[in-house]
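K.L.:
File follows, target-v6.cif with mmCIF, C-alpha atoms:
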data_query
#
loop_
_atom_site.label_atom_id
_atom_site.label_comp_id
_atom_site.auth_asym_id
_atom_site.auth_seq_id
_atom_site.Cartn_x
_atom_site.Cartn_y
_atom_site.Cartn_z
CA MET A 20 312.12 167.74 183.86
CA TYR A 21 310.44 165.77 181.04
CA ALA A 22 310.59 166.80 177.38
CA VAL A 23 308.30 166.17 174.41
CA GLU A 24 308.76 167.28 170.83
CA PHE A 25 306.04 168.13 168.35
CA GLN A 26 305.37 170.49 165.45
CA ALA A 27 302.43 172.89 165.55
CA PRO A 28 301.42 176.15 163.89
CA ILE A 29 301.59 179.38 165.86
CA GLU A 30 298.40 181.37 165.24
CA ASN A 31 298.04 184.80 166.78
CA GLY A 32 300.59 183.81 169.39
CA ILE A 33 298.74 180.63 170.43
CA VAL A 34 300.15 177.09 170.15
CA ARG A 35 297.78 174.16 170.73
CA ILE A 36 299.27 171.11 172.44
CA PRO A 37 298.53 167.98 170.30
CA ARG A 38 295.97 165.55 171.73
CA GLN A 39 298.49 162.74 172.12
CA TYR A 40 300.13 164.70 174.90
CA GLN A 41 297.12 164.56 177.20
CA GLU A 42 299.29 164.40 180.26
CA ILE A 43 300.49 167.94 179.72
CA GLN A 44 297.20 169.50 178.57
CA ASN A 45 296.71 171.07 181.98
CA THR A 46 300.25 171.49 183.13
CA THR A 47 300.37 174.86 184.81
CA LYS A 48 303.98 175.62 184.12
CA ALA A 49 306.27 174.47 181.32
CA THR A 50 309.44 175.65 179.60
CA PHE A 51 309.24 176.24 175.84
CA VAL A 52 311.99 176.27 173.26
CA VAL A 53 310.65 177.41 169.87
CA MET A 54 312.53 176.46 166.71
CA TYR A 55 311.16 177.94 163.52
CA ASN A 56 312.12 178.42 159.89
CA ASN A 57 312.97 181.99 159.04
CA SER A 58 312.78 181.59 155.24
CA VAL A 59 309.55 183.57 154.90
CA ASN A 60 311.06 186.54 156.75
CA ASN A 61 314.20 186.33 154.60
CA THR A 62 312.14 186.32 151.42
CA VAL A 63 310.21 189.40 152.57
CA LYS A 64 313.48 191.16 153.44
CA GLN A 65 315.02 190.25 150.07
CA ASN A 66 311.96 191.50 148.19
CA SER A 67 312.14 194.72 150.16
CA ILE A 68 315.82 195.28 149.28
CA GLU A 69 315.16 194.56 145.61
CA THR A 70 312.25 197.01 145.52
CA GLU A 71 314.33 199.65 147.28
CA LEU A 72 317.20 199.21 144.82
CA ASP A 73 314.85 199.41 141.83
CA GLU A 74 313.48 202.69 143.21
CA LEU A 75 316.98 204.09 143.79
CA PHE A 76 318.01 203.09 140.25
CA ALA A 77 314.89 204.76 138.82
CA ASN A 78 315.41 208.01 140.79
CA SER A 79 318.73 208.83 139.14
CA ASN A 80 318.83 211.88 136.88
CA ASN A 81 322.53 212.64 136.36
CA LYS A 82 322.97 215.46 133.84
CA VAL A 83 326.50 214.46 132.82
CA GLN A 84 326.73 211.09 131.11
CA VAL A 85 328.80 208.43 132.86
CA THR A 86 331.86 207.35 130.90
CA MET A 87 334.43 204.84 132.08
CA ASP A 88 336.92 207.66 132.50
CA LEU A 89 334.55 209.67 134.71
CA ALA A 90 333.58 206.56 136.70
CA THR A 91 337.15 205.51 137.41
CA ASN A 92 339.04 208.78 137.65
CA THR A 93 338.98 210.31 141.11
CA ASP A 94 342.28 212.19 140.79
CA GLU A 95 340.60 215.51 141.55
CA MET A 96 339.80 214.25 145.04
CA ILE A 97 343.48 214.46 145.90
CA ASN A 98 344.66 216.88 143.24
CA ASP A 99 343.03 220.28 143.57
CA GLY A 100 345.44 221.88 141.12
CA ILE A 101 347.38 223.75 143.78
CA LEU A 102 350.57 221.72 143.29
CA MET B 10 332.61 184.69 149.68
CA MET B 11 332.13 188.39 150.38
CA GLU B 12 332.71 190.76 147.49
CA TYR B 13 334.10 194.26 147.46
CA PHE B 14 333.06 196.46 144.54
CA ASP B 15 335.13 199.36 143.31
CA THR B 16 333.34 202.71 143.11
CA ASN B 17 332.84 202.51 139.34
CA ILE B 18 330.52 199.49 139.80
CA TYR B 19 328.22 201.62 142.00
CA ILE B 20 328.39 204.54 139.57
CA TYR B 21 327.20 202.39 136.67
CA ALA B 22 324.57 200.68 138.81
CA PHE B 23 322.96 203.79 140.26
CA CYS B 24 323.34 206.43 137.51
CA LYS B 25 320.70 206.39 134.79
CA ASN B 26 322.52 208.42 132.12
CA ILE B 27 325.38 206.10 131.13
CA ASP B 28 327.44 205.43 127.99
CA ASP B 29 327.32 201.63 128.14
CA LYS B 30 324.12 199.69 128.90
CA ASN B 31 326.01 196.44 129.20
CA GLN B 32 328.16 197.80 132.04
CA LYS B 33 324.99 199.03 133.75
CA GLU B 34 323.31 195.64 133.51
CA ILE B 35 326.38 193.91 134.90
CA SER B 36 326.63 196.41 137.77
CA GLN B 37 322.97 196.28 138.75
CA LYS B 38 322.93 192.50 138.64
CA LEU B 39 326.07 192.28 140.80
CA LEU B 40 324.79 194.80 143.31
CA LYS B 41 321.33 193.26 143.62
CA ASP B 42 322.64 189.73 143.95
CA ARG B 43 325.23 190.54 146.61
CA ALA B 44 322.97 192.90 148.57
CA LEU B 45 320.14 190.35 148.64
CA ASN B 46 322.50 187.65 149.87
CA ASN B 47 324.26 189.97 152.31
CA ASN B 48 327.61 189.29 150.66
CA LEU B 49 328.39 192.92 150.08
CA LEU B 50 331.14 194.87 151.81
CA VAL B 51 331.63 198.61 151.50
CA SER B 52 334.40 200.84 152.86
CA GLU B 53 334.05 204.47 153.83
CA ILE B 54 336.42 205.49 151.02
CA ILE B 55 334.02 203.91 148.51
CA LEU B 56 331.25 206.15 149.84
CA TYR B 57 333.45 209.25 149.55
CA GLU B 58 334.54 208.38 145.99
CA PHE B 59 330.95 207.58 145.06
CA SER B 60 329.58 210.88 146.37
CA PHE B 61 332.42 212.82 144.72
CA SER B 62 331.83 211.18 141.34
CA CYS B 63 328.03 211.59 141.55
CA LYS B 64 328.44 215.29 142.25
CA LYS B 65 330.78 215.55 139.26
CA LEU B 66 328.12 213.80 137.15
CA LYS B 67 325.56 216.38 138.33
CA GLU B 68 323.35 213.90 140.14
CA ASP B 69 320.60 215.33 142.33
CA PRO B 70 321.90 215.75 145.94
CA ILE B 71 318.83 214.08 147.46
CA THR B 72 319.38 211.07 145.20
CA ILE B 73 323.06 210.93 146.15
CA GLN B 74 322.15 211.00 149.83
CA LYS B 75 319.57 208.20 149.47
CA ASN B 76 322.09 206.04 147.62
CA LEU B 77 324.71 206.70 150.30
CA LYS B 78 322.29 205.73 153.05
CA PHE B 79 321.53 202.45 151.32
CA LEU B 80 325.23 201.61 150.81
CA SER B 81 326.06 202.63 154.39
CA ARG B 82 324.26 199.54 155.66
CA TYR B 83 327.08 197.46 154.21
CA VAL B 84 329.98 199.58 155.50
CA LYS B 85 332.66 197.99 157.63
CA SER B 86 335.07 200.26 159.43
CA THR B 87 338.72 200.11 158.48
CA ASP B 88 341.04 197.97 160.57
CA ILE B 89 344.54 199.27 161.35
CA ASN B 90 345.94 196.28 159.43
CA VAL B 91 344.60 197.86 156.23
CA HIS B 92 346.71 200.91 156.87
CA LYS B 93 349.78 198.76 157.56
CA ARG B 94 349.24 196.83 154.33
CA VAL B 95 348.85 200.07 152.33
CA LEU B 96 352.21 201.30 153.66
CA GLU B 97 353.78 197.92 152.83
CA ILE B 98 352.49 198.08 149.24
CA PHE B 99 353.69 201.67 148.88
CA GLU B 100 357.14 200.64 150.07
CA ASN B 101 357.33 197.69 147.68
CA THR B 102 355.77 199.23 144.59
CA ASN B 103 356.18 202.99 144.67
CA LEU B 104 352.47 203.29 143.78
CA TYR B 105 352.00 206.46 145.81
CA ASN B 106 349.91 208.03 143.05
CA SER B 107 347.39 205.17 143.18
CA SER B 108 346.70 205.48 146.90
CA PHE B 109 342.94 204.91 146.72
CA ASP B 110 343.33 201.81 144.54
CA VAL B 111 345.97 200.47 146.94
CA PHE B 112 343.60 201.13 149.85
CA HIS B 113 340.80 199.19 148.09
CA LEU B 114 343.12 196.24 147.53
CA ALA B 115 344.31 196.26 151.16
CA PHE B 116 340.73 196.56 152.45
CA ALA B 117 339.58 193.63 150.28
CA GLU B 118 342.57 191.55 151.38
CA GLU B 119 341.97 192.24 155.08
CA ASN B 120 338.35 191.13 154.73
CA ASN B 121 339.15 188.18 152.45
CA CYS B 122 336.94 189.53 149.66
CA LYS B 123 337.06 189.27 145.92
CA LEU B 124 337.60 192.74 144.42
CA ILE B 125 335.45 193.57 141.39
CA THR B 126 336.07 196.61 139.20
CA PHE B 127 335.77 197.99 135.68
CA ASP B 128 339.04 199.86 136.15
CA LYS B 129 341.81 198.31 134.05
CA GLY B 130 344.28 200.29 136.16
CA PHE B 131 343.98 197.49 138.71
CA LYS B 132 346.06 195.25 136.43
CA LYS B 133 349.14 196.83 137.98
CA LEU B 134 348.03 195.50 141.39
CA GLN B 135 347.21 191.94 140.33
CA SER B 136 350.79 190.68 140.68
CA ILE B 137 351.03 191.73 144.34
CA SER B 138 347.44 190.96 145.34
CA LYS B 139 346.64 188.27 147.92
CA ILE B 140 343.06 188.06 146.69
CA LYS B 141 341.36 187.70 143.32
CA ILE B 142 340.86 190.94 141.40
CA ASP B 143 338.10 190.55 138.81
CA ILE B 144 338.36 193.26 136.14
CA LYS B 145 335.10 193.19 134.17
#
Please express the file's structure as structure tokens.
P.N.:
Amino acid sequence: MYAVEFQAPIENGIVRIPRQYQEIQNTTKATFVVMYNNSVNNTVKQNSIETELDELFANSNNKVQVTMDLATNTDEMINDGIL
Amino acid sequence: MMEYFDTNIYIYAFCKNIDDKNQKEISQKLLKDRALNNNLLVSEIILYEFSFSCKKLKEDPITIQKNLKFLSRYVKSTDINVHKRVLEIFENTNLYNSSFDVFHLAFAEENNCKLITFDKGFKKLQSISKIKIDIK
């Protein structure tokens, strides 16, 4: 097996072999390893999470105001007043 | 480093009607930053405390459910070592009436997280903690 390395854009699933590799322009079968930068996908994902969080924050309509005592006191979860 | 937020951080981040805007800004910034960078860790107990508190605050059930679904993406199931550590802390400290707080500490320790809370009650756990507890 011979290996060459080059960078090329992928457009609609098609990669064009650079001219300097004439010897493989018509190779019928080759093995490809594709290495690509995922930063664009990560940015899209991050923007999506941020938008989702902003929407969740905006949807809140709690009738009872949050105080530090209400936010930190969960005693009633284990103390139902029976004991 | 992963970070583990106490329930009160989520309450201040998600609830609109709050008594302290500064706490809300801190909470939302923390949550956004860690969620975007995938450095957030949530336990099941956090979800149960969060839903309980939201119901007490008369939040709309649909809103509670949406918030829970979002946070569920970051849930990690509890390892048996967490339970063992909780029992060890109980034995050494007699803090049986702070069982949820002890669980949060043990969960954060097991996952090597920093624990962040507004709850000053965590001061009593700082001396025995193996990880950093940041009380805002």
K.L.:
Using only C-alpha atoms, tabulate the residues of chain A lying at most 9 Å from any atom of chain B, each with its closest atom pair and that distance in Å to one decimal, by chain and increasing residue number, as JSON lines.
P.N.:
{"residue": "A:Lys64", "atom": "CA", "partner": "B:Leu45", "partner_atom": "CA", "distance": 8.2}
{"residue": "A:Gln65", "atom": "CA", "partner": "B:Leu45", "partner_atom": "CA", "distance": 5.3}
{"residue": "A:Asn66", "atom": "CA", "partner": "B:Leu45", "partner_atom": "CA", "distance": 8.3}
{"residue": "A:Ile68", "atom": "CA", "partner": "B:Leu45", "partner_atom": "CA", "distance": 6.6}
{"residue": "A:Glu69", "atom": "CA", "partner": "B:Lys41", "partner_atom": "CA", "distance": 6.6}
{"residue": "A:Glu71", "atom": "CA", "partner": "B:Phe79", "partner_atom": "CA", "distance": 8.7}
{"residue": "A:Leu72", "atom": "CA", "partner": "B:Lys41", "partner_atom": "CA", "distance": 7.3}
{"residue": "A:Leu75", "atom": "CA", "partner": "B:Asn76", "partner_atom": "CA", "distance": 6.7}
{"residue": "A:Phe76", "atom": "CA", "partner": "B:Phe23", "partner_atom": "CA", "distance": 5.0}
{"residue": "A:Ala77", "atom": "CA", "partner": "B:Lys25", "partner_atom": "CA", "distance": 7.3}
{"residue": "A:Asn78", "atom": "CA", "partner": "B:Thr72", "partner_atom": "CA", "distance": 6.7}
{"residue": "A:Ser79", "atom": "CA", "partner": "B:Lys25", "partner_atom": "CA", "distance": 5.4}
{"residue": "A:Asn80", "atom": "CA", "partner": "B:Glu68", "partner_atom": "CA", "distance": 5.9}
{"residue": "A:Asn81", "atom": "CA", "partner": "B:Glu68", "partner_atom": "CA", "distance": 4.1}
{"residue": "A:Lys82", "atom": "CA", "partner": "B:Lys67", "partner_atom": "CA", "distance": 5.3}
{"residue": "A:Val83", "atom": "CA", "partner": "B:Leu66", "partner_atom": "CA", "distance": 4.7}
{"residue": "A:Gln84", "atom": "CA", "partner": "B:Asn26", "partner_atom": "CA", "distance": 5.1}
{"residue": "A:Val85", "atom": "CA", "partner": "B:Ile27", "partner_atom": "CA", "distance": 4.5}
{"residue": "A:Thr86", "atom": "CA", "partner": "B:Asp28", "partner_atom": "CA", "distance": 5.6}
{"residue": "A:Met87", "atom": "CA", "partner": "B:Asn17", "partner_atom": "CA", "distance": 7.8}
{"residue": "A:Asp88", "atom": "CA", "partner": "B:Asp128", "partner_atom": "CA", "distance": 8.9}
{"residue": "A:Leu89", "atom": "CA", "partner": "B:Ser62", "partner_atom": "CA", "distance": 7.3}
{"residue": "A:Ala90", "atom": "CA", "partner": "B:Asn17", "partner_atom": "CA", "distance": 4.9}
{"residue": "A:Thr91", "atom": "CA", "partner": "B:Asn17", "partner_atom": "CA", "distance": 5.6}
{"residue": "A:Asn92", "atom": "CA", "partner": "B:Ser62", "partner_atom": "CA", "distance": 8.4}
{"residue": "A:Thr93", "atom": "CA", "partner": "B:Glu58", "partner_atom": "CA", "distance": 6.9}
{"residue": "A:Asp94", "atom": "CA", "partner": "B:Asn106", "partner_atom": "CA", "distance": 9.0}
{"residue": "A:Met96", "atom": "CA", "partner": "B:Phe61", "partner_atom": "CA", "distance": 7.5}
K.L.:
Would you mind exporting C-alpha atoms of the selected residues as a PDB file, in the coordinates of the input?
P.N.:
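That gives us part.pdb:
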ATOM      1  CA  LYS A  64     313.480 191.160 153.440  1.00  0.00           C
ATOM      2  CA  GLN A  65     315.020 190.250 150.070  1.00  0.00           C
ATOM      3  CA  ASN A  66     311.960 191.500 148.190  1.00  0.00           C
ATOM      4  CA  ILE A  68     315.820 195.280 149.280  1.00  0.00           C
ATOM      5  CA  GLU A  69     315.160 194.560 145.610  1.00  0.00           C
ATOM      6  CA  GLU A  71     314.330 199.650 147.280  1.00  0.00           C
ATOM      7  CA  LEU A  72     317.200 199.210 144.820  1.00  0.00           C
ATOM      8  CA  LEU A  75     316.980 204.090 143.790  1.00  0.00           C
ATOM      9  CA  PHE A  76     318.010 203.090 140.250  1.00  0.00           C
ATOM     10  CA  ALA A  77     314.890 204.760 138.820  1.00  0.00           C
ATOM     11  CA  ASN A  78     315.410 208.010 140.790  1.00  0.00           C
ATOM     12  CA  SER A  79     318.730 208.830 139.140  1.00  0.00           C
ATOM     13  CA  ASN A  80     318.830 211.880 136.880  1.00  0.00           C
ATOM     14  CA  ASN A  81     322.530 212.640 136.360  1.00  0.00           C
ATOM     15  CA  LYS A  82     322.970 215.460 133.840  1.00  0.00           C
ATOM     16  CA  VAL A  83     326.500 214.460 132.820  1.00  0.00           C
ATOM     17  CA  GLN A  84     326.730 211.090 131.110  1.00  0.00           C
ATOM     18  CA  VAL A  85     328.800 208.430 132.860  1.00  0.00           C
ATOM     19  CA  THR A  86     331.860 207.350 130.900  1.00  0.00           C
ATOM     20  CA  MET A  87     334.430 204.840 132.080  1.00  0.00           C
ATOM     21  CA  ASP A  88     336.920 207.660 132.500  1.00  0.00           C
ATOM     22  CA  LEU A  89     334.550 209.670 134.710  1.00  0.00           C
ATOM     23  CA  ALA A  90     333.580 206.560 136.700  1.00  0.00           C
ATOM     24  CA  THR A  91     337.150 205.510 137.410  1.00  0.00           C
ATOM     25  CA  ASN A  92     339.040 208.780 137.650  1.00  0.00           C
ATOM     26  CA  THR A  93     338.980 210.310 141.110  1.00  0.00           C
ATOM     27  CA  ASP A  94     342.280 212.190 140.790  1.00  0.00           C
ATOM     28  CA  MET A  96     339.800 214.250 145.040  1.00  0.00           C
TER      29      MET A  96
END
K.L.:
Using atom CA of B:Phe99 and atom CA of B:Ile142 as the two end points, give the distance in Å to one decimal.
P.N.:
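These atoms are spaced 18.3 Å apart.
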K.L.:
Report, as JSON, the centre and edge lengths in Å (one decimal) of the axis-aligned box enclosing every listed atom of stretch 125-137 of chain B, padded by 4 Å on each side.
P.N.:
{"center_x": 343.2, "center_y": 195.5, "center_z": 139.2, "size_x": 23.6, "size_y": 17.6, "size_z": 18.3}
K.L.:
By how many Å are atom CA of B:Lys132 and atom CA of B:Ile144 apart?
P.N.:
8.0 Å
K.L.:
Please report the interatomic distance between atom CA of A:Gln44 and atom CA of A:Tyr21 in Å with one decimal.
P.N.:
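Going from atom CA of A:Gln44 over to atom CA of A:Tyr21 covers 14.0 Å.
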K.L.:
Just so the selection is clear, what residues does the PyMOL selection byres ((chain A and resi 51) around 12) cover here, as number ranges by chain?
P.N.:
A: 21-25, 34, 36, 48-50, 52-54
K.L.:
Check what the PyMOL selection byres ((chain B and resi 11) around 7) selects in the file above and give those residues as a PyMOL selection string.
P.N.:
chain B and resi 10+12-13+48-50+122-123
K.L.:
Using the chain letters and numbering of this document, enumerate as a VMD selection string the residues selected by the PyMOL selection byres ((chain B and resi 92) around 12).
P.N.:
chain B and resid 86 to 91 93 to 99 108 to 109 111 to 116 118 to 119
